[in-house]
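Student: Got a structure for you, written out below as structure tokens; questions coming shortly.
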Amino acid sequence: MNPDELLRAELTRVARVLGAPDTVVPVLERPRDPAHGDWATNLAMTLAKPLGKKPREIADALVALLDLAAAGVAETTIAGPGFINFRIDAGAHAKPLAQILEQGAAYGRSTGGAGRPVNVEFVSANPTGPLHVGHGRQAALGDAISALLEGSGWQVTREFYYNDGGVQIENLAKSLWVRVAQRVGIDVPIPEGGYNGEYIKEIAERFVAEHGAPSPEVLLPGAEAIVAGSRPADAALFDAMRRFGVAALRAEQDLDLKAFGVRFDVYFLESSLYTDGKVEETVGMLVQGGHAFEQDDALFLRTTDFGDDKDRVMRKRDGTYTYFLPDVAYHVTKWKRGFTRAINVQGSDHHSTVTRVRAGLQALEIGIPAGYPDYVLHQMVTVMRGGEEVKISKRAGSYVTVRDLIDEVGRDAVRYFFLMRKGDSQLVFDVDLARSQSEENPVYYIQMAHARLSGIFRVGEVDAAAVTADGVQWDCLAEPAERELVASLLDYPRLVAGAADALEPHRVAAYLLETARLVHGWYHKHHVLGEPEHIMRARLALAKASRQVIANGLAVLGISAPERM
RNA sequence: GCGCGAGUAGCUCAGCUGGAUAGAGCGUCGGCCUCCGAAGCCGAAGGUCGUGGGUUCGACUCCCUCCUCGCGCACCA
């Protein structure tokens, strides 16, 4: 057991001796100021009320009873309003580093998930345009959350949901038709709700190259129909364009994701919910359950029975379904596929769907828990370029794509940029700044720490694999900079576990920055190579452990850990 | 108007679920390369933690008031 675990146990024992209620659990934490010691507890303060005594008196009583030899406590002090500070002797303090050397890449992993399946859905962009910055944030976030869950023992399925069945796709097909028509000189505008982006022109080029140019006799009336708000008479050609457009954009998005280093296990097509009859089936169940009603020729679901502020339309007057219904049907498939836990990473502009989808699932009454699925909502990304905000609009054709960012700033820097912030704070991405400061991006500071540590082994011609805990004199790591670094490394498992629990990867990012700072400080102040044998061996062990922890943390964020830069 | 989120250093943001003197990066100013990487280190300046109350030994953190900003409030997704 590590010193902190022994301390906790001993504090609990002594608290009971003094008559503390069972509900009091000693809290042991790292003092902000290392001068206060390695661990501190506020136990005396929390006991003041139940015991009816002053905190300082209780602290004195506690200290008198504590048997701290096993935990390697070298010094105990009472400070401030009643904190009890413990200083661990250097040897006991650093000894747990052996665990890092033994566990290697597995250090920091835990088994809380117990192999249970969890579905993490993210990005889920409509196949109507390239992935833009907002999707980038979501890709980085979803991927890191997945990695965190995998690290804590969950069996993760990364899933991408394609909304390929709705009005948006219809508009895509119409836009493509118009672009094809424009190529042969027909003068028609992009329809209302259509997509103006240059990429539609490129896809139109490719469509003509592969399918040949349709005749103006077909294109013109079709274009006129589109302008008039309906669809072309030549359904076969229109459908071919729709499929071509979707396929082209999916391929494009796949390339973006690949460039970003994100892989999905499942691509789920909304259209399959219709072809497999899942939508009909879900409607049937909702009607049968008695939570549906007809009004104004539309079919409503009484979502207000489940906490929504108004009832929602499932089937419109024209007989088609709103997005809401397939969403519910889709989540039913998640549940039925065995995902008793599902997490949806979405932009906060979708937050109104949270209550709705959950209400729909409740109305089915098939045993899905009320809080299913979980949502991680991130705030919007504002893009600045040339000192102005770039209004992201696929329809207007103005956006900054994920690939633009990666090309300009680099994959690691982009990932870090998106992950260093909490998901629920808004985020300004200044493209010019990101490019000009790419050298200053904090991610390089962290990677540099990894590279420097690697350099020790390279320059010293020391085989890192041969560095083990055997025979290391841990009490050699007694310098303040070493003690701080050691403490940080030993905190890593608790940190990642907390980040996984809260679904907050930014904690790992912040931790890595802090740990890298300690590495740089230590590296600068203390030498490893050329020191007396026993000191060098201890420091090599510390260097190896530090490098391992940084590499493990970067892996969670999907960022590389280079040996040299 | 209602719901969700955010207001912390000049700028961009952390603050480990209530602890001791509120931190980092960038920017500004000043130091450090015969030395395992100066993509680094050390120091300085810079704060009424949006506002006003409350809870308690103790509040950036929890509760309430108000202000500002973002997002959402469709038979669009």
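Residue names in the structure tokens use chain letters A, B, ... in the order shown, residue numbers from 1 in each chain, and ligand numbers from 1 in the order shown.
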Can you list every residue of chain B that has an atom at most 7 Å from chain A, with its nearest atom pair and the distance in Å to one decimal, using only C-alpha atoms (C1' of nucleotides), ordered by chain then number, as JSON lines?
Tutor:
```
{"residue": "B:G5", "atom": "C1'", "partner": "A:Asp424", "partner_atom": "CA", "distance": 6.3}
{"residue": "B:A6", "atom": "C1'", "partner": "A:Ser425", "partner_atom": "CA", "distance": 5.9}
{"residue": "B:C13", "atom": "C1'", "partner": "A:Arg421", "partner_atom": "CA", "distance": 6.9}
{"residue": "B:A14", "atom": "C1'", "partner": "A:Ala510", "partner_atom": "CA", "distance": 6.8}
{"residue": "B:A20", "atom": "C1'", "partner": "A:Gly80", "partner_atom": "CA", "distance": 6.5}
{"residue": "B:G25", "atom": "C1'", "partner": "A:Pro442", "partner_atom": "CA", "distance": 6.7}
{"residue": "B:C36", "atom": "C1'", "partner": "A:Ile456", "partner_atom": "CA", "distance": 4.8}
{"residue": "B:G37", "atom": "C1'", "partner": "A:Arg452", "partner_atom": "CA", "distance": 6.3}
{"residue": "B:A39", "atom": "C1'", "partner": "A:Met448", "partner_atom": "CA", "distance": 6.7}
{"residue": "B:G40", "atom": "C1'", "partner": "A:His520", "partner_atom": "CA", "distance": 6.9}
{"residue": "B:C41", "atom": "C1'", "partner": "A:His524", "partner_atom": "CA", "distance": 6.2}
{"residue": "B:C71", "atom": "C1'", "partner": "A:Asp349", "partner_atom": "CA", "distance": 5.3}
{"residue": "B:G72", "atom": "C1'", "partner": "A:Asp349", "partner_atom": "CA", "distance": 5.8}
{"residue": "B:C75", "atom": "C1'", "partner": "A:Lys316", "partner_atom": "CA", "distance": 4.6}
{"residue": "B:A77", "atom": "C1'", "partner": "A:Tyr323", "partner_atom": "CA", "distance": 6.5}
```
Student: Can you tell me, as a ChimeraX atom specification, which residues in region 106-350 of chain A count as strand (DSSP E) by DSSP?
Tutor: /A:117-121,155-162,266-269,292-295,298-301,312-315,341-347
Student: Need the shell around region 100-108 of chain A: protein/DNA/RNA residues with any atom at most 9 Å away, counting only C-alpha atoms (C1' of nucleotides). Skip same-chain ones fewer than 3 positions apart. Format as number ranges by chain?
Tutor: A: 96-97, 151-152, 467-469, 489-490, 492-497, 541, 544-546, 548-549, 551-553
Student: Using only N, CA, C and O atoms, please write the residues we just selected to a file, as an mmCIF file, in the first residue's frame.
Tutor:
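Contents of the output file part02.cif:
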```cif
data_model
loop_
_atom_site.group_PDB
_atom_site.id
_atom_site.type_symbol
_atom_site.label_atom_id
_atom_site.label_comp_id
_atom_site.auth_asym_id
_atom_site.auth_seq_id
_atom_site.Cartn_x
_atom_site.Cartn_y
_atom_site.Cartn_z
ATOM 1 N N PRO A 96 6.729 4.130 -4.361
ATOM 2 C CA PRO A 96 5.643 3.695 -5.260
ATOM 3 C C PRO A 96 5.929 3.915 -6.741
ATOM 4 O O PRO A 96 5.197 3.416 -7.584
ATOM 5 N N LEU A 97 6.993 4.652 -7.059
ATOM 6 C CA LEU A 97 7.357 4.813 -8.471
ATOM 7 C C LEU A 97 7.578 3.455 -9.119
ATOM 8 O O LEU A 97 7.432 3.304 -10.337
ATOM 9 N N GLY A 151 -9.710 3.247 -20.691
ATOM 10 C CA GLY A 151 -8.692 3.179 -19.653
ATOM 11 C C GLY A 151 -9.261 2.813 -18.297
ATOM 12 O O GLY A 151 -8.525 2.409 -17.398
ATOM 13 N N SER A 152 -10.564 2.951 -18.136
ATOM 14 C CA SER A 152 -11.128 2.569 -16.850
ATOM 15 C C SER A 152 -11.996 1.322 -16.978
ATOM 16 O O SER A 152 -12.925 1.111 -16.207
ATOM 17 N N VAL A 467 16.068 -0.350 -17.227
ATOM 18 C CA VAL A 467 15.927 0.393 -15.969
ATOM 19 C C VAL A 467 14.713 -0.139 -15.205
ATOM 20 O O VAL A 467 13.584 -0.030 -15.671
ATOM 21 N N THR A 468 14.987 -0.745 -14.072
ATOM 22 C CA THR A 468 13.886 -1.268 -13.256
ATOM 23 C C THR A 468 14.002 -0.727 -11.833
ATOM 24 O O THR A 468 14.935 0.013 -11.517
ATOM 25 N N ALA A 469 13.055 -1.122 -11.009
ATOM 26 C CA ALA A 469 13.046 -0.654 -9.630
ATOM 27 C C ALA A 469 14.040 -1.434 -8.766
ATOM 28 O O ALA A 469 14.312 -1.042 -7.633
ATOM 29 N N LEU A 489 3.431 12.402 -10.308
ATOM 30 C CA LEU A 489 3.348 11.130 -11.046
ATOM 31 C C LEU A 489 2.437 10.144 -10.321
ATOM 32 O O LEU A 489 1.665 9.416 -10.948
ATOM 33 N N LEU A 490 2.529 10.155 -8.996
ATOM 34 C CA LEU A 490 1.722 9.207 -8.231
ATOM 35 C C LEU A 490 0.249 9.612 -8.197
ATOM 36 O O LEU A 490 -0.622 8.790 -7.914
ATOM 37 N N TYR A 492 -1.355 10.533 -10.801
ATOM 38 C CA TYR A 492 -1.935 10.313 -12.133
ATOM 39 C C TYR A 492 -3.129 9.350 -12.161
ATOM 40 O O TYR A 492 -4.161 9.670 -12.758
ATOM 41 N N PRO A 493 -3.033 8.183 -11.524
ATOM 42 C CA PRO A 493 -4.171 7.255 -11.601
ATOM 43 C C PRO A 493 -5.469 7.865 -11.060
ATOM 44 O O PRO A 493 -6.528 7.696 -11.652
ATOM 45 N N ARG A 494 -5.357 8.606 -9.958
ATOM 46 C CA ARG A 494 -6.534 9.226 -9.383
ATOM 47 C C ARG A 494 -7.089 10.289 -10.339
ATOM 48 O O ARG A 494 -8.294 10.469 -10.484
ATOM 49 N N LEU A 495 -6.153 10.987 -10.971
ATOM 50 C CA LEU A 495 -6.543 12.046 -11.893
ATOM 51 C C LEU A 495 -7.317 11.494 -13.096
ATOM 52 O O LEU A 495 -8.394 11.981 -13.427
ATOM 53 N N VAL A 496 -6.758 10.476 -13.757
ATOM 54 C CA VAL A 496 -7.469 9.933 -14.926
ATOM 55 C C VAL A 496 -8.784 9.300 -14.527
ATOM 56 O O VAL A 496 -9.769 9.400 -15.258
ATOM 57 N N ALA A 497 -8.802 8.654 -13.382
ATOM 58 C CA ALA A 497 -10.053 8.036 -12.940
ATOM 59 C C ALA A 497 -11.119 9.113 -12.753
ATOM 60 O O ALA A 497 -12.264 8.942 -13.165
ATOM 61 N N ALA A 541 15.437 6.112 -12.860
ATOM 62 C CA ALA A 541 14.116 5.534 -12.584
ATOM 63 C C ALA A 541 13.049 6.617 -12.610
ATOM 64 O O ALA A 541 11.957 6.431 -13.166
ATOM 65 N N LYS A 544 12.469 7.722 -16.221
ATOM 66 C CA LYS A 544 11.694 6.737 -16.979
ATOM 67 C C LYS A 544 10.222 6.782 -16.564
ATOM 68 O O LYS A 544 9.323 6.735 -17.410
ATOM 69 N N ALA A 545 9.995 6.891 -15.268
ATOM 70 C CA ALA A 545 8.614 6.940 -14.778
ATOM 71 C C ALA A 545 7.906 8.190 -15.292
ATOM 72 O O ALA A 545 6.745 8.138 -15.705
ATOM 73 N N SER A 546 8.619 9.310 -15.298
ATOM 74 C CA SER A 546 8.030 10.567 -15.770
ATOM 75 C C SER A 546 7.652 10.466 -17.241
ATOM 76 O O SER A 546 6.574 10.886 -17.665
ATOM 77 N N GLN A 548 7.014 7.851 -18.885
ATOM 78 C CA GLN A 548 5.893 6.923 -19.042
ATOM 79 C C GLN A 548 4.557 7.603 -18.776
ATOM 80 O O GLN A 548 3.597 7.440 -19.528
ATOM 81 N N VAL A 549 4.517 8.372 -17.701
ATOM 82 C CA VAL A 549 3.255 9.009 -17.344
ATOM 83 C C VAL A 549 2.845 10.030 -18.400
ATOM 84 O O VAL A 549 1.673 10.109 -18.799
ATOM 85 N N ALA A 551 3.654 9.988 -21.551
ATOM 86 C CA ALA A 551 3.235 9.241 -22.738
ATOM 87 C C ALA A 551 1.824 8.683 -22.549
ATOM 88 O O ALA A 551 0.994 8.742 -23.454
ATOM 89 N N ASN A 552 1.547 8.172 -21.361
ATOM 90 C CA ASN A 552 0.227 7.602 -21.101
ATOM 91 C C ASN A 552 -0.856 8.671 -21.185
ATOM 92 O O ASN A 552 -1.936 8.440 -21.739
ATOM 93 N N GLY A 553 -0.570 9.827 -20.619
ATOM 94 C CA GLY A 553 -1.544 10.921 -20.648
ATOM 95 C C GLY A 553 -1.782 11.425 -22.059
ATOM 96 O O GLY A 553 -2.920 11.668 -22.463
#
```
Student: What lies within 6 Å of region 329-344 of chain A using only C-alpha atoms (C1' of nucleotides), ignoring chain neighbours under 2 positions off, as a VMD selection string?
Tutor: chain A and resid 117 to 121 279 282 326 to 327 373 to 375
Student: Quick one: write out the picked residues with all heavy atoms as a compact mmCIF listing (two decimals), in the first residue's frame?
Tutor:
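Ended up saving to selection28.txt:
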```txt
# COMPACT_ATOMS: atom_id res chain seq x y z
N PRO A 117 -20.17 -2.85 -21.73
CA PRO A 117 -20.18 -2.11 -22.99
C PRO A 117 -20.72 -0.69 -22.83
O PRO A 117 -21.65 -0.46 -22.06
CB PRO A 117 -21.12 -2.93 -23.88
CG PRO A 117 -22.04 -3.60 -22.91
CD PRO A 117 -21.26 -3.83 -21.65
N VAL A 118 -20.13 0.24 -23.52
CA VAL A 118 -20.64 1.61 -23.54
C VAL A 118 -20.54 2.12 -24.98
O VAL A 118 -19.57 1.85 -25.68
CB VAL A 118 -19.88 2.54 -22.57
CG1 VAL A 118 -18.40 2.55 -22.87
CG2 VAL A 118 -20.43 3.96 -22.61
N ASN A 119 -21.58 2.82 -25.39
CA ASN A 119 -21.60 3.37 -26.73
C ASN A 119 -21.33 4.87 -26.65
O ASN A 119 -22.00 5.59 -25.91
CB ASN A 119 -22.99 3.12 -27.35
CG ASN A 119 -23.09 3.62 -28.79
OD1 ASN A 119 -23.08 4.82 -29.03
ND2 ASN A 119 -23.19 2.69 -29.71
N VAL A 120 -20.32 5.33 -27.37
CA VAL A 120 -20.03 6.76 -27.40
C VAL A 120 -20.30 7.27 -28.81
O VAL A 120 -19.62 6.88 -29.76
CB VAL A 120 -18.57 7.05 -27.00
CG1 VAL A 120 -18.32 8.56 -27.01
CG2 VAL A 120 -18.27 6.49 -25.62
N GLU A 121 -21.32 8.09 -28.93
CA GLU A 121 -21.66 8.64 -30.24
C GLU A 121 -21.14 10.06 -30.34
O GLU A 121 -21.41 10.88 -29.46
CB GLU A 121 -23.18 8.62 -30.44
CG GLU A 121 -23.60 9.15 -31.81
CD GLU A 121 -25.03 9.70 -31.81
OE1 GLU A 121 -25.87 9.20 -31.05
OE2 GLU A 121 -25.27 10.64 -32.58
N VAL A 279 -38.63 2.52 -37.57
CA VAL A 279 -39.40 3.72 -37.30
C VAL A 279 -40.87 3.36 -37.13
O VAL A 279 -41.52 3.76 -36.16
CB VAL A 279 -39.21 4.75 -38.44
CG1 VAL A 279 -40.19 5.90 -38.28
CG2 VAL A 279 -37.78 5.27 -38.44
N THR A 282 -41.46 1.59 -33.90
CA THR A 282 -41.44 2.49 -32.74
C THR A 282 -42.74 3.27 -32.63
O THR A 282 -43.31 3.41 -31.54
CB THR A 282 -40.24 3.46 -32.85
OG1 THR A 282 -39.05 2.70 -32.98
CG2 THR A 282 -40.15 4.34 -31.61
N PRO A 326 -37.14 9.09 -35.56
CA PRO A 326 -35.97 8.24 -35.84
C PRO A 326 -34.91 8.32 -34.73
O PRO A 326 -34.23 7.33 -34.45
CB PRO A 326 -35.41 8.78 -37.16
CG PRO A 326 -36.26 9.93 -37.55
CD PRO A 326 -37.47 9.95 -36.71
N ASP A 327 -34.79 9.49 -34.10
CA ASP A 327 -33.85 9.61 -32.98
C ASP A 327 -34.19 8.63 -31.87
O ASP A 327 -33.31 7.97 -31.30
CB ASP A 327 -33.89 11.03 -32.41
CG ASP A 327 -32.74 11.87 -32.92
OD1 ASP A 327 -32.05 11.41 -33.85
OD2 ASP A 327 -32.53 12.97 -32.38
N PRO A 373 -30.12 8.37 -22.81
CA PRO A 373 -28.66 8.25 -22.68
C PRO A 373 -28.05 9.44 -21.96
O PRO A 373 -28.72 10.43 -21.73
CB PRO A 373 -28.22 8.22 -24.15
CG PRO A 373 -29.20 9.12 -24.84
CD PRO A 373 -30.51 8.93 -24.13
N ASP A 374 -26.76 9.31 -21.63
CA ASP A 374 -25.98 10.44 -21.09
C ASP A 374 -25.66 11.42 -22.22
O ASP A 374 -25.48 10.99 -23.35
CB ASP A 374 -24.63 9.95 -20.53
CG ASP A 374 -24.78 9.35 -19.16
OD1 ASP A 374 -25.80 9.61 -18.51
OD2 ASP A 374 -23.87 8.61 -18.75
N TYR A 375 -25.58 12.67 -21.85
CA TYR A 375 -25.16 13.65 -22.85
C TYR A 375 -23.96 14.44 -22.36
O TYR A 375 -23.91 14.85 -21.21
CB TYR A 375 -26.30 14.64 -23.15
CG TYR A 375 -27.37 14.07 -24.05
CD1 TYR A 375 -28.43 13.33 -23.52
CD2 TYR A 375 -27.31 14.25 -25.43
CE1 TYR A 375 -29.41 12.80 -24.35
CE2 TYR A 375 -28.29 13.72 -26.26
CZ TYR A 375 -29.34 12.99 -25.72
OH TYR A 375 -30.29 12.47 -26.54
```
Student: Within 8 Å of region 50-59 of chain B, counting only C-alpha atoms (C1' of nucleotides), which residues show up once you throw out same-chain ones fewer than 4 positions away? Write them as a compact mmCIF listing (two decimals) with N, CA, C and O atoms (P, O5', C5', C4', C3', O3' and C1' of nucleotides), in the first residue's frame, please.
Tutor:
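Saved as out-v1.txt:
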```
# COMPACT_ATOMS: atom_id res chain seq x y z
N MET A 45 -11.15 19.57 11.69
CA MET A 45 -12.19 20.58 11.49
C MET A 45 -13.55 19.95 11.30
O MET A 45 -14.55 20.45 11.82
N PRO A 81 -6.12 26.67 10.96
CA PRO A 81 -7.29 26.47 11.80
C PRO A 81 -7.39 25.06 12.38
O PRO A 81 -8.25 24.81 13.21
P G B 7 -17.01 30.72 -16.14
O5' G B 7 -16.79 32.09 -16.90
C5' G B 7 -16.11 33.15 -16.27
C4' G B 7 -16.48 34.43 -16.94
C3' G B 7 -16.20 35.63 -16.04
O3' G B 7 -15.58 36.67 -16.74
C1' G B 7 -18.50 35.58 -16.68
P G B 18 -17.51 20.46 -3.09
O5' G B 18 -16.96 21.70 -2.26
C5' G B 18 -16.10 22.65 -2.87
C4' G B 18 -15.20 23.24 -1.82
C3' G B 18 -14.50 22.19 -0.96
O3' G B 18 -13.24 22.68 -0.49
C1' G B 18 -15.82 23.53 0.42
P G B 19 -11.96 22.66 -1.43
O5' G B 19 -11.31 24.03 -1.03
C5' G B 19 -9.91 24.10 -0.94
C4' G B 19 -9.52 24.97 0.24
C3' G B 19 -8.10 24.70 0.73
O3' G B 19 -7.57 25.92 1.21
C1' G B 19 -9.60 24.33 2.48
P C B 63 -25.90 25.72 -6.35
O5' C B 63 -26.78 26.43 -5.23
C5' C B 63 -27.78 25.71 -4.53
C4' C B 63 -28.59 26.65 -3.68
C3' C B 63 -29.10 27.89 -4.41
O3' C B 63 -30.30 27.63 -5.11
C1' C B 63 -28.09 28.54 -2.37
P C B 64 -30.58 28.48 -6.47
O5' C B 64 -30.99 29.90 -5.89
C5' C B 64 -32.27 30.11 -5.33
C4' C B 64 -32.37 31.50 -4.75
C3' C B 64 -32.21 32.65 -5.74
O3' C B 64 -33.39 32.91 -6.47
C1' C B 64 -30.90 33.09 -3.83
P U B 65 -33.23 33.58 -7.96
O5' U B 65 -32.99 35.14 -7.71
C5' U B 65 -33.69 35.83 -6.68
C4' U B 65 -33.25 37.28 -6.68
C3' U B 65 -32.87 37.85 -8.04
O3' U B 65 -34.01 38.26 -8.78
C1' U B 65 -31.21 38.44 -6.44
P C B 66 -33.99 38.14 -10.37
O5' C B 66 -32.95 39.26 -10.82
C5' C B 66 -33.29 40.63 -10.69
C4' C B 66 -32.05 41.49 -10.82
C3' C B 66 -31.34 41.42 -12.15
O3' C B 66 -31.93 42.25 -13.14
C1' C B 66 -29.76 41.21 -10.41
P C B 67 -31.71 41.87 -14.67
O5' C B 67 -30.18 42.26 -14.92
C5' C B 67 -29.76 43.61 -14.84
C4' C B 67 -28.29 43.71 -15.19
C3' C B 67 -27.90 43.06 -16.51
O3' C B 67 -28.16 43.91 -17.62
C1' C B 67 -26.37 42.39 -14.83
P U B 68 -28.46 43.26 -19.04
O5' U B 68 -27.05 42.69 -19.50
C5' U B 68 -25.98 43.58 -19.78
C4' U B 68 -24.73 42.80 -20.14
C3' U B 68 -24.91 41.75 -21.23
O3' U B 68 -24.86 42.30 -22.53
C1' U B 68 -23.72 40.81 -19.41
```
Student: If you measure from CA of Asp38 (chain A) to CA of Phe86 (chain A), what distance in Å do you get, rounded to one decimal?
Tutor: 5.9 Å
Student: Quick one: residues within 9 Å of Ala259 (chain A), only C-alpha atoms (C1' of nucleotides) counted, chain neighbours fewer than 5 positions away excluded, as a list in words?
Tutor: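 Result of the neighbour search: Asp254, Val402, Arg403, Ile406 and Arg411 of chain A.
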